[in-house]
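Each remark here refers to the structure printed beneath this line.
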Amino acid sequence: ALVVTGATSGIGHAIAALFVARGWRVFGSARRREDAERLERELGPGFQALLFDVTDAAAVAEAAACVRGALGGRRLAGVVANAGIGIPAPLEHQSVEDWRYQIEVNLVGTMITAKTFLPLVGTDPSLTGPKGRIVTMSSLGGKLGQPFVTAYIASKFGIEGFSEALRREISPFDIQVIVMAPSAVATPVWEKVEKQDLSRFDATPYGPAFRSALGGIVKSAPTRGLSAHAVAEATFAAMTARRPRLRYAPAANPILESLVLPLLPKRLVDAVMRRQMIRAGERGE
């Protein structure tokens with residue numbers, strides 16, 4: 001059985017659907033009851049919704065108790081800490097509350113999820129069955145600092161470090177901790193971003209560069225981005241491979257994103273991004 005957080009749409013929904021289709025029993029989280037009921041209708045008897053917000057430790061604990069009861073003394077095969085959010089804005093003009101919310105959901109929520117389900121995947125000696133695995137959801141932004149999503153990037157860098165530390169901490173229990181780090185994914189989230197009123201930043205010194213950077217990804221991600229199904233496939237591989245990789249980085253342009261970018265000098269990447277933003281300002285985009 002598998003637990004996946006943030007299963008209502010996008011990557012989480014694709015993961016839940018793929019595992020159910022391949023015969024797994026899946027527990028997936030939703031924050032609203034109507035979404036939980038919709039998921040159970042869509043995904044069928046192999047899926048059971050869990051109603052909780054990943055930032056609510058007590059609610060996550062209640063969900064874990066529900067899963068424990070359903071498994072009847074068996075271990076959980078895996079947990080995918082997928083729930084996440086991104087709120088773009090220039091750092092200077094973004095509220096501290098927005099920073100905290102992104103870090104609370106993306107990083108602290110991942111930590112709460114891992115902590116709460118650890119007994120079920122392998123630290124509770126009273127349970128039987130193979131040890132489980134934990135997959136944490138990073139992104140290309142877990143290694144590459146991109147402008148105008150600074151709090152989101154901070155949370156993803158945090159997930160990378162947390163995952164490495166946790167992997168070493170629980171290695172005596174033979175529990176695998178695997179990072180999933182996709183590039184931009186074609187999901188409905190981009191439609192939501194496009195509908196946001198971001199005009200309040202237009203009059204700031206960052207206005208043209210912010211509009212250009214955000215506009216570029218909003219236009220390209222839905223058509224050129226990685227499919228959510230591709231991330232689900234990579235997650236399935238991480239959960240089922242005899243010897244999984246420590247980090248999976250599914251990408252729409254794997255040569256550029258996985259091979260070229262990591263080798264480029266950071267000063268060079270800085271210079272390219274700086275020039276792009278200056279040009280956007282000159283054009284007044």
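Residues in the structure tokens are named by chain (A, B, ... in the order shown) and by number from 1 within that chain; ligands are numbered from 1 in the order shown.
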
Practice problem: Please provide as a PyMOL selection string all residues within 6 Å of A:Ala7, with the sequence filter that same-chain residues fewer than 4 positions apart are discarded (counting only C-alpha atoms). | Solution: chain A and resi 12-13+28-29

Quiz item: Can you tell me, as a list in words, what residues are no more than 8 Å from A:Ala14 when counting only C-alpha atoms, ignoring any on the same chain fewer than 6 positions away?
Solution: Ala7, Ala228, His229 and Ala232 of chain A

For those residues, write C-alpha atoms to a file as a compact mmCIF listing (two decimals), in the first residue's frame.
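Result file result_39.txt:
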```
# COMPACT_ATOMS: atom_id res chain seq x y z
CA ALA A 7 -3.53 13.73 -4.38
CA ALA A 228 2.53 14.51 -14.60
CA HIS A 229 2.35 10.92 -15.83
CA ALA A 232 4.29 9.19 -11.72
```

Quiz item: Near stretch 48-63 of chain A, within 6 Å and counting only C-alpha atoms, which residues show up once chain neighbours fewer than 5 positions away are dropped, as a list in words?
Solution: Phe27, Gly28, Ser29, Ala30, Arg31, Ala36, Val105 and Gly109 of chain A

Practice problem: Please return as a PyMOL selection string: the residues of stretch 4-243 of chain A that backbone DSSP assigns to alpha helix (DSSP H). | Solution: chain A and resi 10-21+33-43+57-71+96-103+109-118+150-169+189-195+207-224+228-240

Quiz item: Which residues come within 7 Å of A:Tyr248, counting only C-alpha atoms, excluding same-chain residues fewer than 4 positions away, as a ChimeraX atom specification?
Solution: /A:179-181

N, CA and C atoms of the current selection, written as a short mmCIF file (atom, residue, chain, number, x, y, z; two decimals), in the first residue's frame:
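Result saved to selection-v7.cif:
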```
data_model
loop_
_atom_site.label_atom_id
_atom_site.label_comp_id
_atom_site.auth_asym_id
_atom_site.auth_seq_id
_atom_site.Cartn_x
_atom_site.Cartn_y
_atom_site.Cartn_z
N VAL A 179 14.68 11.14 -3.32
CA VAL A 179 14.25 12.47 -3.76
C VAL A 179 13.73 12.39 -5.20
N MET A 180 12.55 12.96 -5.42
CA MET A 180 11.99 13.10 -6.77
C MET A 180 12.09 14.58 -7.13
N ALA A 181 12.80 14.89 -8.21
CA ALA A 181 13.07 16.29 -8.54
C ALA A 181 12.76 16.59 -10.00
#
```
